Every structure is written in C-alpha cells, then in structure tokens.
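Text of upload_5.txt, listed as compact mmCIF, C-alpha atoms:
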# COMPACT_ATOMS: atom_id res chain seq x y z
CA MET A 476 50.25 164.17 88.96
CA ARG A 477 52.93 162.28 87.12
CA PRO A 478 52.67 158.47 86.86
CA ALA A 479 55.39 156.58 88.74
CA ARG A 480 58.07 155.05 86.61
CA ILE A 481 59.31 151.55 87.34
CA SER A 482 62.75 150.65 86.18
CA LEU A 483 62.81 147.78 83.71
CA ALA A 484 66.09 146.61 85.17
CA SER A 485 64.68 146.29 88.68
CA THR A 486 61.59 144.49 87.37
CA ALA A 487 63.70 141.94 85.54
CA ALA A 488 65.88 141.37 88.60
CA ALA A 489 62.84 140.76 90.77
CA ALA A 490 61.41 138.28 88.25
CA LEU A 491 64.68 136.38 88.13
CA ALA A 492 64.80 136.24 91.93
CA LEU A 493 61.29 134.84 92.12
CA ALA A 494 62.03 132.28 89.43
CA ALA A 495 65.11 131.11 91.29
CA ALA A 496 63.32 130.91 94.62
CA GLY A 497 60.22 129.18 93.24
CA PRO A 498 61.64 125.68 92.74
CA ALA A 499 63.31 125.75 96.14
CA LEU A 500 60.06 126.61 97.85
CA ALA A 501 58.15 123.94 95.92
CA ALA A 502 60.74 121.13 96.25
CA PRO A 503 59.11 118.02 97.80
CA ALA A 504 60.53 116.33 100.87
CA PRO A 505 62.86 113.37 100.18
CA ALA A 506 60.89 110.19 99.51
CA THR A 507 60.95 107.51 102.18
CA PRO A 508 63.09 104.62 100.93
CA HIS A 509 61.21 101.43 100.16
CA THR A 510 61.22 99.36 103.37
CA GLU A 511 59.98 95.85 104.12
CA ILE A 512 59.68 93.69 107.24
CA THR A 513 59.20 89.93 107.26
CA ARG A 514 56.34 88.30 109.12
CA ALA A 515 57.57 86.38 112.18
CA ASP A 516 56.44 82.92 113.27
CA PRO A 517 53.74 82.86 115.96
CA ALA A 518 55.23 83.47 119.41
CA PRO A 519 54.00 82.66 122.93
CA ARG A 520 53.82 85.17 125.73
CA GLY A 521 57.31 85.54 127.15
CA GLY A 522 58.81 84.34 123.87
CA ASP A 523 60.76 86.11 121.15
CA ALA A 524 59.56 87.15 117.70
CA GLU A 525 62.25 87.44 115.03
CA PHE A 526 61.98 89.75 112.00
CA VAL A 527 64.22 90.97 109.21
CA VAL A 528 63.93 94.61 108.10
CA THR A 529 65.14 95.46 104.59
CA VAL A 530 65.66 99.01 103.27
CA GLU A 531 66.13 99.17 99.51
CA GLY A 532 69.65 100.11 98.44
CA PRO A 533 72.63 101.18 100.55
CA ALA A 534 71.97 102.88 103.88
CA PRO A 535 70.14 106.09 102.91
CA GLU A 536 71.47 109.47 103.93
CA GLY A 537 69.74 110.87 106.98
CA VAL A 538 68.64 107.47 108.32
CA ASP A 539 70.67 106.90 111.50
CA SER A 540 68.52 104.21 113.09
CA VAL A 541 65.57 101.90 112.50
CA VAL A 542 62.95 101.35 115.19
CA VAL A 543 60.54 98.39 115.34
CA GLU A 544 57.67 98.60 117.79
CA SER A 545 54.45 96.80 118.70
CA PRO A 546 51.95 97.08 121.55
CA VAL A 547 52.80 93.48 122.53
CA PHE A 548 56.57 94.07 122.90
CA ASP A 549 58.18 94.75 126.27
CA THR A 550 59.99 97.68 124.66
CA LYS A 551 60.66 99.09 121.21
CA ILE A 552 63.75 97.79 119.39
CA THR A 553 66.22 100.35 118.05
CA VAL A 554 68.88 99.31 115.53
CA PRO A 555 71.64 101.97 115.16
CA LYS A 556 73.29 102.63 111.82
CA LYS A 557 76.51 100.89 112.88
CA ASP A 558 74.57 97.61 113.09
CA PHE A 559 73.11 97.86 109.58
CA ASP A 560 74.09 95.00 107.26
CA ARG A 561 73.89 94.45 103.49
CA ASN A 562 72.65 91.52 101.42
CA LYS A 563 73.75 90.27 98.01
CA ALA A 564 71.41 92.74 96.28
CA ASP A 565 73.21 95.59 98.09
CA ASP A 566 70.10 96.36 100.14
CA THR A 567 70.36 97.39 103.78
CA THR A 568 69.17 94.63 106.11
CA MET A 569 69.02 94.03 109.85
CA PRO A 570 67.65 91.20 112.03
CA VAL A 571 65.32 92.32 114.82
CA ARG A 572 64.07 90.36 117.84
CA GLY A 573 61.12 91.52 119.92
CA HIS A 574 60.18 90.07 123.32
CA VAL A 575 56.46 89.43 123.81
CA ARG A 576 54.89 90.74 127.03
CA CYS A 577 53.44 88.27 129.52
CA ASP A 578 50.09 90.07 129.55
CA ALA A 579 49.70 90.18 125.76
CA ARG A 580 46.33 89.04 124.48
CA PRO A 581 46.50 85.97 122.19
CA GLY A 582 45.75 86.88 118.58
CA GLU A 583 47.17 89.10 115.85
CA HIS A 584 48.86 92.41 116.66
CA PRO A 585 50.43 95.15 114.51
CA VAL A 586 54.19 95.64 114.17
CA GLN A 587 55.60 98.76 112.51
CA VAL A 588 58.95 100.11 111.33
CA LEU A 589 59.93 103.76 111.87
CA LEU A 590 63.01 105.28 110.23
CA ASN A 591 64.84 107.30 112.89
CA GLY A 592 61.99 106.39 115.23
CA THR A 593 59.66 109.14 113.95
CA GLY A 594 57.17 109.92 111.22
CA LYS A 595 54.83 107.60 109.39
CA PRO A 596 55.54 103.85 109.45
CA ALA A 597 57.92 102.85 106.67
CA ALA A 598 56.65 99.25 106.78
CA THR A 599 54.15 97.18 108.75
CA THR A 600 53.37 93.54 109.45
CA ARG A 601 51.43 91.51 112.01
CA LEU A 602 52.47 89.11 114.77
CA THR A 603 50.38 86.22 116.07
CA VAL A 604 50.65 85.71 119.83
CA THR A 605 49.70 82.18 120.89
CA GLY A 606 47.99 81.12 124.10
CA GLY A 607 51.11 79.54 125.58
CA ARG A 608 53.68 80.98 127.97
CA THR A 609 57.41 80.49 128.18
CA GLY A 610 60.43 81.90 130.00
CA ALA A 611 59.63 84.29 132.83
CA CYS A 612 55.93 84.15 131.97
CA ALA A 613 55.86 80.38 132.58
CA ALA A 614 57.74 80.86 135.86
CA GLY A 615 55.34 83.36 137.37
CA SER A 616 52.40 83.55 135.02
CA PRO A 617 49.26 85.27 136.25
CA GLY A 618 45.93 83.49 136.42
CA PRO A 619 43.57 83.58 133.45
CA THR A 620 42.13 87.01 132.76
CA ALA A 621 40.30 88.69 129.91
CA SER A 622 43.58 90.12 128.64
CA THR A 623 45.81 87.08 128.93
CA GLY A 624 43.45 84.30 127.90
CA PRO A 625 43.44 80.78 129.34
CA ALA A 626 46.40 79.73 131.45
CA GLY A 627 48.33 76.50 131.00
CA ALA A 628 48.20 76.21 127.20
CA SER A 629 51.05 74.35 125.50
CA ALA A 630 53.70 76.29 123.57
CA LEU A 631 56.19 75.30 120.91
CA ARG A 632 59.19 77.11 119.46
CA LEU A 633 62.37 76.36 117.56
CA ARG A 634 65.20 76.26 120.10
CA PRO A 635 67.06 79.60 119.81
CA GLY A 636 70.78 80.01 119.33
CA GLY A 637 71.31 77.73 116.35
CA ARG A 638 71.19 78.00 112.59
CA GLU A 639 68.20 77.16 110.45
CA PRO A 640 67.73 73.36 110.31
CA GLN A 641 69.20 71.93 107.12
CA ARG A 642 68.20 68.90 105.09
CA GLY A 643 69.89 65.87 106.57
CA GLY A 644 70.09 67.55 109.99
CA GLU A 645 67.91 67.89 113.07
CA ALA A 646 65.46 70.62 114.01
CA VAL A 647 65.30 70.98 117.80
CA PHE A 648 62.13 72.41 119.35
CA THR A 649 61.36 73.40 122.95
CA ILE A 650 57.94 72.27 124.19
CA THR A 651 56.41 73.84 127.30
CA THR A 652 53.15 72.71 128.84
CA ASP A 653 51.36 72.20 132.15
CA ARG A 654 50.78 69.24 134.44
CA ALA A 655 47.14 68.87 133.45
CA THR A 656 48.06 68.37 129.78
CA LEU A 657 50.68 65.75 130.65
CA ASP A 658 48.25 63.92 132.94
CA ALA A 659 45.69 63.78 130.14
CA HIS A 660 48.06 62.21 127.57
CA ASP A 661 50.71 59.48 127.62
CA ALA A 662 52.92 61.42 125.20
CA LEU A 663 53.18 64.56 123.10
CA ALA A 664 54.58 64.43 119.57
CA LEU A 665 55.90 66.71 116.84
CA ARG A 666 54.59 66.12 113.33
CA SER A 667 55.74 67.86 110.15
CA PRO A 668 55.85 67.09 106.42
CA ALA A 669 59.52 68.13 106.64
CA PHE A 670 60.36 65.34 109.13
CA VAL A 671 61.41 61.80 108.28
CA ALA A 672 58.84 60.61 110.82
CA PRO A 673 56.85 62.01 113.77
CA VAL A 674 58.83 62.20 117.01
CA LYS A 675 57.40 61.92 120.51
CA ARG A 676 58.25 62.55 124.14
CA LEU A 677 56.57 60.46 126.81
CA SER A 678 54.74 62.64 129.31
CA LYS A 679 56.65 61.09 132.23
CA ASN A 680 59.94 62.30 130.69
CA PHE A 681 59.10 66.03 130.71
CA LYS A 682 61.22 68.12 133.07
CA GLU A 683 59.72 70.27 135.78
CA GLY A 684 60.39 73.98 135.46
CA LYS A 685 59.43 76.87 137.68
CA ALA A 686 55.91 77.27 139.06
CA ASP A 687 53.57 74.90 137.20
CA GLY A 688 55.55 74.71 133.96
CA TRP A 689 56.96 71.52 132.40
CA TRP A 690 59.27 71.43 129.40
CA THR A 691 61.44 69.32 127.08
CA ASP A 692 63.62 69.66 123.98
CA LEU A 693 62.77 67.33 121.09
CA ALA A 694 64.53 66.89 117.73
CA GLY A 695 62.99 65.92 114.40
CA MET A 696 65.13 64.76 111.47
CA VAL A 697 64.71 66.96 108.37
CA ARG A 698 64.20 64.92 105.20
CA CYS A 699 66.85 64.96 102.49
CA ASP A 700 64.34 64.93 99.63
CA ILE A 701 62.25 68.01 100.43
CA GLN A 702 62.51 71.37 98.73
CA PRO A 703 63.87 74.36 100.67
CA GLY A 704 61.03 76.41 102.07
CA THR A 705 58.78 76.94 105.08
CA TYR A 706 56.97 74.03 106.72
CA ALA A 707 54.48 73.61 109.55
CA VAL A 708 55.29 71.71 112.75
CA ASP A 709 52.33 70.54 114.84
CA LEU A 710 52.41 69.62 118.53
CA VAL A 711 49.87 66.82 118.98
CA ALA A 712 48.85 64.40 121.71
CA GLY A 713 49.89 60.77 121.38
CA GLY A 714 52.40 59.38 118.91
CA GLY A 715 51.70 61.80 116.06
CA ASP A 716 50.57 59.04 113.67
CA GLU A 717 46.95 60.12 113.44
CA GLU A 718 46.63 62.82 110.77
CA GLU A 719 43.20 63.88 112.03
CA ASP A 720 44.51 64.85 115.48
CA SER A 721 43.94 68.54 116.14
CA PRO A 722 47.26 70.19 117.08
CA LEU A 723 47.69 71.65 120.54
CA GLU A 724 50.03 74.22 118.98
CA SER A 725 51.48 74.85 115.53
CA VAL A 726 54.50 76.83 114.32
CA ARG A 727 56.45 77.14 111.08
CA PHE A 728 60.16 76.81 110.39
CA THR A 729 62.34 77.39 107.33
CA VAL A 730 64.55 74.79 105.66
CA PRO A 731 67.32 76.73 103.87
CA LYS A 732 68.78 75.95 100.47
CA ALA A 733 72.32 75.76 101.89
CA MET A 734 73.72 72.46 103.16
CA ASP A 735 76.86 71.78 105.19
CA PRO A 736 79.28 69.20 103.70
CA ALA A 737 78.42 66.67 106.44
CA ASN A 738 74.69 66.93 105.75
CA ARG A 739 75.28 66.74 102.00
CA ASP A 740 77.41 63.58 102.40
CA PHE A 741 74.77 61.99 104.63
CA CYS A 742 71.99 62.71 102.13
CA ALA A 743 74.11 61.31 99.28
CA GLY A 744 75.06 58.16 101.22
CA PRO A 745 73.29 54.83 101.72
CA HIS A 746 72.66 55.16 105.46
CA ALA A 747 69.19 55.56 106.91
CA TYR A 748 68.45 57.95 109.76
CA LYS A 749 67.89 55.08 112.21
CA GLU A 750 71.46 53.89 111.58
CA VAL A 751 73.12 57.17 112.55
CA VAL A 752 70.78 58.86 115.04
CA ASP A 753 72.32 59.45 118.45
CA ARG A 754 69.83 57.81 120.79
CA THR A 755 71.85 58.99 123.80
CA SER A 756 71.06 62.64 123.11
CA GLU A 757 68.61 64.39 125.42
CA THR A 758 66.79 65.72 122.35
CA ALA A 759 66.32 62.25 120.80
CA PRO A 760 62.72 61.01 120.59
CA ASP A 761 61.37 58.49 123.09
CA GLU A 762 60.40 54.92 122.41
CA ASP A 763 57.63 53.23 124.36
CA GLY A 764 58.79 52.51 127.90
CA SER A 765 61.89 54.69 127.73
CA GLU A 766 63.01 56.68 130.74
CA GLY A 767 64.63 60.12 130.78
CA GLY A 768 64.22 60.77 127.08
CA GLY A 769 66.28 59.37 124.24
CA HIS A 770 66.19 55.58 124.53
CA ALA A 771 65.34 52.84 127.01
CA ALA A 772 68.86 52.19 128.28
CA ARG A 773 71.70 54.69 128.38
CA ALA A 774 75.24 54.47 129.65
CA GLY A 775 75.07 55.29 133.35
CA ASP A 776 71.34 54.51 133.58
CA GLY A 777 71.79 50.87 134.57
CA GLY A 778 71.74 49.52 131.00
CA PRO A 779 74.25 49.28 128.16
CA GLY A 780 74.79 52.42 126.16
CA THR A 781 75.66 52.58 122.46
CA GLY A 782 79.36 52.01 123.12
CA ALA A 783 78.65 49.01 125.34
CA ILE A 784 76.41 47.43 122.73
CA VAL A 785 79.10 47.88 120.07
CA GLY A 786 81.68 46.38 122.43
CA ILE A 787 79.52 43.34 123.18
CA ALA A 788 78.88 42.77 119.49
CA SER A 789 82.60 43.07 118.71
CA ALA A 790 83.54 40.61 121.46
CA ALA A 791 80.97 38.11 120.23
CA ALA A 792 82.32 38.39 116.68
CA LEU A 793 85.89 37.82 117.95
CA VAL A 794 84.89 34.69 119.87
CA ALA A 795 83.06 33.30 116.84
CA ALA A 796 86.06 33.95 114.60
CA SER A 797 88.40 32.20 117.07
CA VAL A 798 86.21 29.08 117.26
CA THR A 799 86.00 28.92 113.47
CA TYR A 800 89.80 29.23 113.13
CA PHE A 801 90.37 26.38 115.66
CA LEU A 802 87.93 24.00 113.96
CA VAL A 803 89.28 24.61 110.45
CA GLY A 804 92.90 24.14 111.61
CA ARG A 805 92.06 20.91 113.41
CA ARG A 806 90.30 19.55 110.32
CA ARG A 807 93.30 20.30 108.11
CA ARG A 808 95.76 18.64 110.50
CA ARG A 809 93.58 15.56 110.61
CA ALA A 810 93.49 15.34 106.82
CA ARG A 811 97.30 15.40 106.62
CA LYS A 812 97.79 12.37 108.98
CA ARG A 813 98.36 8.88 107.49
CA PRO A 814 95.68 6.25 108.00
CA ASP A 815 97.92 4.24 110.37
CA GLU A 816 98.56 7.21 112.66
CA SER A 817 96.47 7.61 115.73
CA TRP A 818 95.29 10.86 117.30

Now that the file is in, can you turn its structure into structure tokens?
Amino acid sequence: MRPARISLASTAAAALALAAAGPALAAPAPATPHTEITRADPAPRGGDAEFVVTVEGPAPEGVDSVVVESPVFDTKITVPKKDFDRNKADDTTMPVRGHVRCDARPGEHPVQVLLNGTGKPAATTRLTVTGGRTGACAAGSPGPTASTGPAGASALRLRPGGREPQRGGEAVFTITTDRATLDAHDALALRSPAFVAPVKRLSKNFKEGKADGWWTDLAGMVRCDIQPGTYAVDLVAGGGDEEEDSPLESVRFTVPKAMDPANRDFCAGPHAYKEVVDRTSETAPDEDGSEGGGHAARAGDGGPGTGAIVGIASAAALVAASVTYFLVGRRRRRARKRPDESW
C-alpha cells in the first residue's frame, strides 16, 4: 500500500488561511467607552432627581442612545443620540432627570447607565430618597406603610426652572410640609453657610396645597465672598439662629464659578443686601409679625409699599428744603434793610 502524498502547495495555502482567520476569530469585542454619572441631590417622593451622564470623547460609533434607570423612577429615561451634547473637553454629555415614585422607600437606591439600553451597566451611582412628598404625591399621598415610611415629613428642594444660584444672587427653595409641623412651630427657616443670613417663613404664611399639604417659596441671598462649590441648606424650626437645631430636612446646592455682570457689579459695590433686597417679593423672608410673606406692609395690603415709602420720604425732604430756602431768604432781606426802615 502506497503512502498518501500531500501537496506542499495545498498545505501552505491551508496554513495561510488559518493564519488569516485566526486574528479575526480571536478579536475582542469593542471596549465600552468610559462613562460617568453624577450623584444627584436627595429627592423627595414625587420629586425630580437630576444627573449628568458623561461619555469620554465624541459620541462613540454604535451608541445610538443612553438609558438611565432605577427601581425608584416612574420610568426609565432614554436619551437619543440627537440630544447628545459636548463639553469643553470634547466629551459627550447629557443632562438626565428622573421622577421619583410616590411609593419609593426612603433611603439610598441604585441608579445605572446602559449604553443602547442593553448589556452591563456602563456607570452607576446612588440616589437618596427623603421622607418628604411633593407634587402629585403630596396631593394624594397614601397613608404610612412599610414601603413609604412616615407620612407628613417636610421636604425641601431648589425651585426648578432656573439657573444655578450665583454669588450676589438669590437661591429660591420650595418648602412643603404638613399642618402638624406648622402647628408645632411658629416659623420654619433655611440655614446655609452660603447664605448671608438665615431666612425664615412664619408658619401662618404658608399656602395651602392639595390634600393635607402646605408649601411656600423662600429665597436666601448667596454671599459674595464664598468660593464656588457645593453647600448644604438645612430646613430648621424657628428662626434658624440656633446652630444646634436638628434639621427637619437637608439638601445641597451648587454655587457656580460664573457670575452675571449685574451680580458682579453688586458684589463689587458698597451696598449691603438689606439695602437692595426686594421685600415685596413673595419669596422674600418674613419678619416677625409679617403677613403674606415678604414684609409687614405691602402695596395693596393696607400699608405703604416700597414706592409709597420712597414717595413720603421725598415729599418730606422737599418740604424741609422749601422751609430752609424761605428762612434764609428772609434773613438776607432783613440784613440789607437800613436801620431806620421798618418791616
């Protein structure tokens, strides 16, 4: 029996084919681009939690959407590629807002980012859900249960829709609470190392919302001399002057580095906050005895407003100037008369 002969040419061709196919078969899957998600401020049930997702570099090929999900969100958030943005470092960024369910349990919960909505999480963070309720949850909140925690807790959040509070400007917060809390305290106050001074709202000046909820908006003046960064804001009972008071609620807000020209001019000028604050604003802090928020007497509330006070002061100054002019003129005319002339 003759041994089989194998052509050297065919053997070499087969070896070359295997060598060419080998790397293709062993090529690893494309690496997931480095992705980060910021940690949001604590949010009440029924509130919104805001995040920023950053994907390193320009929008990667094959990534058509970014999905952010959490067991405490009403629904997952999908950001399509057309809504991707870019920062100064040429990274891909996108703001994301999740709505917290009314039946979420207070405490920390996971939040994850999925590229194209599938696969392993590209980034994770955690969200703290507070014991308070706001929005639709405050309007028709269920009674206390094991999953929702105690009902009626106070909640605090930076009023949505505006820019980050700048130095020399005001930070406006929305406070929601219940009747029992207001009955137990004469006032609630906001206290922060970023504020010029604590600001308070008298309990009688809270507005009634739906169901058992009560709410108000309250503004604190951001100091000119603080460094940009993140600062705590505490909701406390009373006037906010007692440092040892335990906060009913606490959140954090960011003071940006940027400043508008008006805020920059104010911080560079000689005026104090008390000289320029608009006491007629509904977000202005209360003083003892004030009604309806802001200050004790507003235009249209039966007392003189800011414009009326300025007008009264101007009129008084005009009268004083006129009297002075008359007396000086009379004295000069008298000095010019001869001694033998009579008046």

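The residue set within 10 Å of Ile650 of chain A, counting all atoms listed in the file and dropping same-chain residues fewer than 4 places from it, reads Thr609, Ser629, Ala630, Leu631, Arg632, Leu633, Arg634, Leu663, Ala664, Leu665, Arg676, Phe681, Trp689, Trp690, Thr691, Asp692, Leu693, Leu710 and Glu724 of chain A.
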
Distance query Thr729 of chain A at most 8 Å, only C-alpha atoms, self and fewer than 6 positions along chain excluded, as a list in words: Glu639, Pro640, Pro703, Gly704, Thr705 and Tyr706 of chain A

Distance of atom CA of Gly607 of chain A from atom CA of His584 of chain A, expressed in Å to one decimal place: 15.8 Å

Selected residue, from A:Val647, A:Met696, A:Ala662, A:Cys742, that lies nearest to Thr758 of chain A when counting all atoms listed in the file: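 Using all atoms listed in the file, Thr758 of chain A sits closest to A:Val647.
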
Residue among A:Ala712, A:Val726, A:Ala659, A:Cys699 lying closest to Gly744 of chain A, counting all atoms listed in the file: A:Cys699

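Computed from the coordinates, the atom CA of Thr652 of chain A to atom CA of Gly688 of chain A distance equals 6.0 Å.
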
Give, as AutoDock Vina command-line options, the centre coordinates and the x, y and z edge lengths in Å to one decimal for an axis-aligned box around all listed atoms of segment 592-609 of chain A, padded by 8 Å on each side.
--center_x 55.0 --center_y 94.7 --center_z 117.4 --size_x 30.0 --size_y 46.4 --size_z 37.5

Point-to-point distance in Å for atom CA of Val527 of chain A and atom CA of Gly695 of chain A: 25.6 Å
